[in-house]
file work-v2.pdb (PDB, C-alpha atoms)
MODEL        1
ATOM      1  CA  MET A   1       0.000   0.000   0.000  1.00  0.00           C
ATOM      2  CA  ASN A   2       1.108   3.543  -0.790  1.00  0.00           C
ATOM      3  CA  GLU A   3       1.033   6.387   1.708  1.00  0.00           C
ATOM      4  CA  ILE A   4       0.719  10.051   0.723  1.00  0.00           C
ATOM      5  CA  ASN A   5       0.929  13.117   2.971  1.00  0.00           C
ATOM      6  CA  LEU A   6      -2.252  15.203   2.605  1.00  0.00           C
ATOM      7  CA  SER A   7      -1.400  17.993   5.037  1.00  0.00           C
ATOM      8  CA  LEU A   8      -1.086  21.595   3.922  1.00  0.00           C
ATOM      9  CA  ILE A   9       1.723  23.421   5.702  1.00  0.00           C
ATOM     10  CA  VAL A  10       1.486  27.197   5.458  1.00  0.00           C
ATOM     11  CA  GLU A  11       4.706  29.159   5.613  1.00  0.00           C
ATOM     12  CA  GLU A  12       5.560  32.818   6.026  1.00  0.00           C
ATOM     13  CA  GLY A  13       4.612  34.839   2.960  1.00  0.00           C
ATOM     14  CA  HIS A  14       1.489  32.793   2.183  1.00  0.00           C
ATOM     15  CA  PRO A  15      -1.655  34.985   2.411  1.00  0.00           C
ATOM     16  CA  ALA A  16      -3.135  32.741   5.150  1.00  0.00           C
ATOM     17  CA  TYR A  17       0.059  33.036   7.222  1.00  0.00           C
ATOM     18  CA  GLU A  18       0.078  36.819   6.841  1.00  0.00           C
ATOM     19  CA  TRP A  19      -3.623  36.940   7.850  1.00  0.00           C
ATOM     20  CA  ALA A  20      -2.916  34.910  11.000  1.00  0.00           C
ATOM     21  CA  LYS A  21       0.037  37.138  11.904  1.00  0.00           C
ATOM     22  CA  ARG A  22      -2.244  40.205  11.890  1.00  0.00           C
ATOM     23  CA  GLN A  23      -4.890  38.713  14.224  1.00  0.00           C
ATOM     24  CA  SER A  24      -5.200  39.901  17.829  1.00  0.00           C
ATOM     25  CA  ASP A  25      -5.031  36.263  18.984  1.00  0.00           C
ATOM     26  CA  ALA A  26      -2.283  35.074  16.648  1.00  0.00           C
ATOM     27  CA  VAL A  27      -1.684  31.850  18.624  1.00  0.00           C
ATOM     28  CA  SER A  28      -5.224  30.706  17.908  1.00  0.00           C
ATOM     29  CA  ALA A  29      -5.225  32.064  14.363  1.00  0.00           C
ATOM     30  CA  PHE A  30      -2.050  30.165  13.422  1.00  0.00           C
ATOM     31  CA  GLY A  31      -3.740  26.953  14.538  1.00  0.00           C
ATOM     32  CA  HIS A  32      -6.554  27.547  12.066  1.00  0.00           C
ATOM     33  CA  ILE A  33      -4.446  27.770   8.907  1.00  0.00           C
ATOM     34  CA  GLY A  34      -3.298  24.834   6.839  1.00  0.00           C
ATOM     35  CA  THR A  35      -4.525  21.347   7.715  1.00  0.00           C
ATOM     36  CA  HIS A  36      -5.972  21.369  11.216  1.00  0.00           C
ATOM     37  CA  ILE A  37      -8.553  19.778  13.475  1.00  0.00           C
ATOM     38  CA  ASP A  38     -11.024  22.076  15.190  1.00  0.00           C
ATOM     39  CA  CYS A  39     -11.431  21.463  18.923  1.00  0.00           C
ATOM     40  CA  TYR A  40     -13.551  24.133  20.607  1.00  0.00           C
ATOM     41  CA  ASP A  41     -15.156  22.324  23.546  1.00  0.00           C
ATOM     42  CA  CYS A  42     -13.340  18.984  23.548  1.00  0.00           C
ATOM     43  CA  GLU A  43     -10.843  16.959  21.532  1.00  0.00           C
ATOM     44  CA  PRO A  44     -10.334  13.363  20.441  1.00  0.00           C
ATOM     45  CA  GLU A  45      -9.112  11.048  23.202  1.00  0.00           C
ATOM     46  CA  LEU A  46      -5.972   9.953  21.347  1.00  0.00           C
ATOM     47  CA  THR A  47      -3.370  11.940  19.430  1.00  0.00           C
ATOM     48  CA  ASP A  48      -2.908   9.306  16.707  1.00  0.00           C
ATOM     49  CA  TYR A  49      -5.509   7.404  14.703  1.00  0.00           C
ATOM     50  CA  GLU A  50      -5.623   5.042  11.757  1.00  0.00           C
ATOM     51  CA  VAL A  51      -9.188   4.770  10.476  1.00  0.00           C
ATOM     52  CA  ASP A  52     -11.032   3.495   7.436  1.00  0.00           C
ATOM     53  CA  ALA A  53     -12.086   6.274   5.074  1.00  0.00           C
ATOM     54  CA  VAL A  54     -15.322   6.632   3.129  1.00  0.00           C
ATOM     55  CA  THR A  55     -15.337   9.304   0.418  1.00  0.00           C
ATOM     56  CA  ILE A  56     -18.279  11.229  -0.973  1.00  0.00           C
ATOM     57  CA  ASN A  57     -17.592  13.149  -4.177  1.00  0.00           C
ATOM     58  CA  CYS A  58     -18.961  16.651  -3.582  1.00  0.00           C
ATOM     59  CA  THR A  59     -17.674  18.272  -6.756  1.00  0.00           C
ATOM     60  CA  ASP A  60     -21.222  18.722  -8.125  1.00  0.00           C
ATOM     61  CA  HIS A  61     -22.955  19.494  -4.819  1.00  0.00           C
ATOM     62  CA  MET A  62     -22.534  19.043  -1.107  1.00  0.00           C
ATOM     63  CA  PRO A  63     -24.178  15.829   0.083  1.00  0.00           C
ATOM     64  CA  LEU A  64     -27.868  15.489   0.659  1.00  0.00           C
ATOM     65  CA  ILE A  65     -29.367  12.960   3.062  1.00  0.00           C
ATOM     66  CA  ASN A  66     -29.836  10.395   0.280  1.00  0.00           C
ATOM     67  CA  ASP A  67     -26.112  10.726  -0.600  1.00  0.00           C
ATOM     68  CA  VAL A  68     -25.128   9.518   2.884  1.00  0.00           C
ATOM     69  CA  ASP A  69     -28.033   7.182   3.530  1.00  0.00           C
ATOM     70  CA  SER A  70     -26.395   3.988   2.301  1.00  0.00           C
ATOM     71  CA  VAL A  71     -22.821   4.626   3.457  1.00  0.00           C
ATOM     72  CA  ASP A  72     -21.397   2.967   6.559  1.00  0.00           C
ATOM     73  CA  ILE A  73     -19.337   5.620   8.327  1.00  0.00           C
ATOM     74  CA  ALA A  74     -19.589   4.485  11.961  1.00  0.00           C
ATOM     75  CA  GLY A  75     -16.159   4.805  13.552  1.00  0.00           C
ATOM     76  CA  LYS A  76     -14.619   5.956  10.255  1.00  0.00           C
ATOM     77  CA  ALA A  77     -13.483   9.139   8.554  1.00  0.00           C
ATOM     78  CA  LEU A  78     -16.075  10.623   6.209  1.00  0.00           C
ATOM     79  CA  VAL A  79     -14.075  12.368   3.484  1.00  0.00           C
ATOM     80  CA  LEU A  80     -15.891  15.143   1.624  1.00  0.00           C
ATOM     81  CA  PHE A  81     -14.047  15.762  -1.644  1.00  0.00           C
ATOM     82  CA  THR A  82     -15.097  19.166  -2.996  1.00  0.00           C
ATOM     83  CA  GLY A  83     -12.116  19.801  -5.264  1.00  0.00           C
ATOM     84  CA  ASN A  84     -11.615  23.203  -3.638  1.00  0.00           C
ATOM     85  CA  VAL A  85      -7.874  22.894  -2.865  1.00  0.00           C
ATOM     86  CA  ASP A  86      -7.211  21.004  -6.094  1.00  0.00           C
ATOM     87  CA  ASN A  87      -9.028  23.500  -8.337  1.00  0.00           C
ATOM     88  CA  ASN A  88      -8.592  26.825  -6.541  1.00  0.00           C
ATOM     89  CA  GLY A  89      -5.421  26.482  -4.472  1.00  0.00           C
ATOM     90  CA  TYR A  90      -5.410  26.930  -0.714  1.00  0.00           C
ATOM     91  CA  GLY A  91      -6.196  30.379   0.643  1.00  0.00           C
ATOM     92  CA  THR A  92      -7.036  32.080  -2.642  1.00  0.00           C
ATOM     93  CA  PRO A  93     -10.106  34.316  -2.988  1.00  0.00           C
ATOM     94  CA  GLU A  94     -11.702  31.569  -5.131  1.00  0.00           C
ATOM     95  CA  TYR A  95     -11.014  29.020  -2.377  1.00  0.00           C
ATOM     96  CA  GLY A  96     -12.745  31.194   0.212  1.00  0.00           C
ATOM     97  CA  ALA A  97     -15.696  31.884  -2.098  1.00  0.00           C
ATOM     98  CA  MET A  98     -16.497  28.242  -2.936  1.00  0.00           C
ATOM     99  CA  ALA A  99     -19.695  27.035  -1.240  1.00  0.00           C
ATOM    100  CA  THR A 100     -18.819  23.895   0.721  1.00  0.00           C
ATOM    101  CA  SER A 101     -21.289  24.107   3.609  1.00  0.00           C
ATOM    102  CA  LEU A 102     -23.439  21.178   4.622  1.00  0.00           C
ATOM    103  CA  HIS A 103     -27.144  21.697   5.220  1.00  0.00           C
ATOM    104  CA  SER A 104     -27.928  21.519   8.926  1.00  0.00           C
ATOM    105  CA  ASP A 105     -30.259  18.509   8.529  1.00  0.00           C
ATOM    106  CA  VAL A 106     -27.596  16.636   6.535  1.00  0.00           C
ATOM    107  CA  LEU A 107     -25.031  17.276   9.275  1.00  0.00           C
ATOM    108  CA  ASP A 108     -27.498  15.924  11.856  1.00  0.00           C
ATOM    109  CA  TYR A 109     -28.017  12.804   9.741  1.00  0.00           C
ATOM    110  CA  ILE A 110     -24.278  12.285   9.301  1.00  0.00           C
ATOM    111  CA  LEU A 111     -23.738  12.588  13.050  1.00  0.00           C
ATOM    112  CA  LEU A 112     -26.439   9.965  13.702  1.00  0.00           C
ATOM    113  CA  LYS A 113     -24.256   7.589  11.674  1.00  0.00           C
ATOM    114  CA  SER A 114     -21.350   8.127  14.155  1.00  0.00           C
ATOM    115  CA  PRO A 115     -18.227   8.938  12.126  1.00  0.00           C
ATOM    116  CA  LEU A 116     -15.067   9.686  14.133  1.00  0.00           C
ATOM    117  CA  PHE A 117     -13.965  12.409  11.719  1.00  0.00           C
ATOM    118  CA  ILE A 118     -15.297  14.551   8.908  1.00  0.00           C
ATOM    119  CA  VAL A 119     -12.411  15.439   6.595  1.00  0.00           C
ATOM    120  CA  ILE A 120     -12.777  18.148   3.961  1.00  0.00           C
ATOM    121  CA  ASP A 121     -10.534  19.780   1.372  1.00  0.00           C
ATOM    122  CA  SER A 122     -11.994  23.182   2.144  1.00  0.00           C
ATOM    123  CA  TYR A 123     -12.315  25.751   4.936  1.00  0.00           C
ATOM    124  CA  GLY A 124     -14.961  23.748   6.809  1.00  0.00           C
ATOM    125  CA  ILE A 125     -18.429  22.238   6.725  1.00  0.00           C
ATOM    126  CA  GLY A 126     -20.298  25.414   7.710  1.00  0.00           C
ATOM    127  CA  ALA A 127     -20.314  28.905   6.251  1.00  0.00           C
ATOM    128  CA  HIS A 128     -17.505  31.229   7.368  1.00  0.00           C
ATOM    129  CA  GLY A 129     -17.962  32.660  10.855  1.00  0.00           C
ATOM    130  CA  ASP A 130     -20.525  31.660  13.472  1.00  0.00           C
ATOM    131  CA  GLU A 131     -22.113  28.790  11.521  1.00  0.00           C
ATOM    132  CA  HIS A 132     -18.684  27.253  10.983  1.00  0.00           C
ATOM    133  CA  ILE A 133     -18.008  27.193  14.722  1.00  0.00           C
ATOM    134  CA  ARG A 134     -21.552  26.013  15.589  1.00  0.00           C
ATOM    135  CA  PHE A 135     -21.241  23.089  13.146  1.00  0.00           C
ATOM    136  CA  ASP A 136     -17.841  22.112  14.565  1.00  0.00           C
ATOM    137  CA  LYS A 137     -19.241  22.201  18.109  1.00  0.00           C
ATOM    138  CA  ARG A 138     -22.220  20.060  17.077  1.00  0.00           C
ATOM    139  CA  CYS A 139     -19.772  17.518  15.715  1.00  0.00           C
ATOM    140  CA  GLU A 140     -17.722  17.598  18.909  1.00  0.00           C
ATOM    141  CA  SER A 141     -20.815  16.984  21.043  1.00  0.00           C
ATOM    142  CA  ALA A 142     -21.320  13.800  18.979  1.00  0.00           C
ATOM    143  CA  ARG A 143     -17.600  12.852  19.457  1.00  0.00           C
ATOM    144  CA  CYS A 144     -16.878  13.558  15.792  1.00  0.00           C
ATOM    145  CA  PHE A 145     -14.159  16.007  14.804  1.00  0.00           C
ATOM    146  CA  VAL A 146     -13.738  18.126  11.680  1.00  0.00           C
ATOM    147  CA  ILE A 147     -10.403  18.234   9.860  1.00  0.00           C
ATOM    148  CA  GLU A 148     -10.125  21.091   7.367  1.00  0.00           C
ATOM    149  CA  ASN A 149      -7.870  22.164   4.522  1.00  0.00           C
ATOM    150  CA  VAL A 150      -6.771  18.669   3.532  1.00  0.00           C
ATOM    151  CA  ASN A 151      -4.874  18.436   0.237  1.00  0.00           C
ATOM    152  CA  LEU A 152      -7.101  16.028  -1.703  1.00  0.00           C
ATOM    153  CA  SER A 153      -7.208  15.254  -5.410  1.00  0.00           C
ATOM    154  CA  LEU A 154      -9.459  13.002  -7.471  1.00  0.00           C
ATOM    155  CA  ALA A 155      -6.538  10.596  -7.999  1.00  0.00           C
ATOM    156  CA  VAL A 156      -6.027  10.247  -4.238  1.00  0.00           C
ATOM    157  CA  VAL A 157      -9.679   9.863  -3.236  1.00  0.00           C
ATOM    158  CA  SER A 158     -10.330   7.282  -5.958  1.00  0.00           C
ATOM    159  CA  SER A 159      -7.961   4.833  -4.221  1.00  0.00           C
ATOM    160  CA  LEU A 160      -8.173   6.092  -0.621  1.00  0.00           C
ATOM    161  CA  ARG A 161      -8.777   3.309   1.915  1.00  0.00           C
ATOM    162  CA  LYS A 162      -7.566   4.608   5.271  1.00  0.00           C
ATOM    163  CA  LEU A 163      -6.285   7.763   6.910  1.00  0.00           C
ATOM    164  CA  LYS A 164      -3.583   8.201   9.508  1.00  0.00           C
ATOM    165  CA  ILE A 165      -4.384  11.258  11.610  1.00  0.00           C
ATOM    166  CA  SER A 166      -2.089  12.848  14.210  1.00  0.00           C
ATOM    167  CA  PHE A 167      -2.450  16.130  16.033  1.00  0.00           C
ATOM    168  CA  ASP A 168      -0.848  18.080  18.862  1.00  0.00           C
ATOM    169  CA  LYS A 169      -3.003  17.963  22.015  1.00  0.00           C
ATOM    170  CA  LEU A 170      -0.685  20.449  23.719  1.00  0.00           C
ATOM    171  CA  SER A 171      -1.550  23.275  21.325  1.00  0.00           C
ATOM    172  CA  LYS A 172      -3.461  26.072  23.053  1.00  0.00           C
ATOM    173  CA  SER A 173      -5.327  26.955  19.856  1.00  0.00           C
ATOM    174  CA  THR A 174      -8.858  25.753  19.109  1.00  0.00           C
ATOM    175  CA  GLY A 175      -7.420  24.836  15.715  1.00  0.00           C
ATOM    176  CA  LYS A 176      -4.748  22.204  16.187  1.00  0.00           C
ATOM    177  CA  ARG A 177      -2.321  21.532  13.353  1.00  0.00           C
ATOM    178  CA  CYS A 178      -2.902  18.076  12.036  1.00  0.00           C
ATOM    179  CA  GLN A 179      -0.922  15.522  10.044  1.00  0.00           C
ATOM    180  CA  VAL A 180      -3.129  13.542   7.653  1.00  0.00           C
ATOM    181  CA  THR A 181      -1.688  10.681   5.613  1.00  0.00           C
ATOM    182  CA  ALA A 182      -3.628   8.720   3.001  1.00  0.00           C
ATOM    183  CA  ILE A 183      -3.237   4.967   2.804  1.00  0.00           C
ATOM    184  CA  LEU A 184      -4.065   3.981  -0.763  1.00  0.00           C
ATOM    185  CA  ALA A 185      -5.053   0.621  -2.206  1.00  0.00           C
TER     186      ALA A 185
ENDMDL
END
call {"tool": "encode", "arguments": {"input": "work-v2.pdb", "output": "structure tokens"}}
result
Amino acid sequence: MNEINLSLIVEEGHPAYEWAKRQSDAVSAFGHIGTHIDCYDCEPELTDYEVDAVTINCTDHMPLINDVDSVDIAGKALVLFTGNVDNNGYGTPEYGAMATSLHSDVLDYILLKSPLFIVIDSYGIGAHGDEHIRFDKRCESARCFVIENVNLSLAVVSSLRKLKISFDKLSKSTGKRCQVTAILA
């Protein structure tokens, strides 16, 4: 099996890095750029996971209830492939403008199916701002955690079987930098 690093590392000079540097709470802001796991009220028990991955292709539209109805995601990573990073590049105006929000009822349905993680190649599963945070907190209350800004491509998701996920529990930010590695068939 092949393994591929899917984490986006943002360095000085990148627009997202420069944005974080200008924030009043730069420690927290730096945690929310690049690939990270959002942990507002709680965090996963472990720092390292290897989980089966189930991908939904969201390049035409974000999933509806019938798109997730027949998928077994209990204890797995639900990967939402939007094509945002692949098509628009991370942190560009086009990346930020792409609509990748789940409908609230679809999120509720997904959470009833008990995934451990929701992984997305975009800025999150809710609209920028308050909805984004509310959706992440709803996931946390169901012991599911959202990993954002993952560097996915169609070639990777077509053979993706498992994900290795590691993050730093010691980080004081609500966005904790995260290492995501694809295990391909």
call {"tool": "closest_residue", "arguments": {"input": "work-v2.pdb", "among": "A:Ser158, A:Thr82, A:Asn151, A:Asn66", "to": "Thr181 of chain A", "atoms": "all atoms listed in the file"}}
result
A:Asn151
call {"tool": "closest_residue", "arguments": {"input": "work-v2.pdb", "among": "A:Cys42, A:Phe117, A:Gly89, A:Asn84", "to": "His14 of chain A", "atoms": "only C-alpha atoms"}}
result
A:Gly89
call {"tool": "closest_residue", "arguments": {"input": "work-v2.pdb", "among": "A:Ile125, A:Ala74, A:Leu107, A:Ala142", "to": "Val51 of chain A", "atoms": "all atoms listed in the file"}}
result
A:Ala74
call {"tool": "resolve_selection", "arguments": {"input": "work-v2.pdb", "expression": "the PyMOL selection byres ((chain A and resi 98) around 12)", "output": "ChimeraX atom specification"}}
result
/A:58-62,82-85,87-97,99-101,121-128
call {"tool": "resolve_selection", "arguments": {"input": "work-v2.pdb", "expression": "the PyMOL selection byres ((chain A and resi 6) around 7)", "output": "list of chain:residue names"}}
result
A:Ile4, A:Asn5, A:Ser7, A:Leu8, A:Val150, A:Asn151, A:Leu152, A:Val180, A:Thr181, A:Ala182
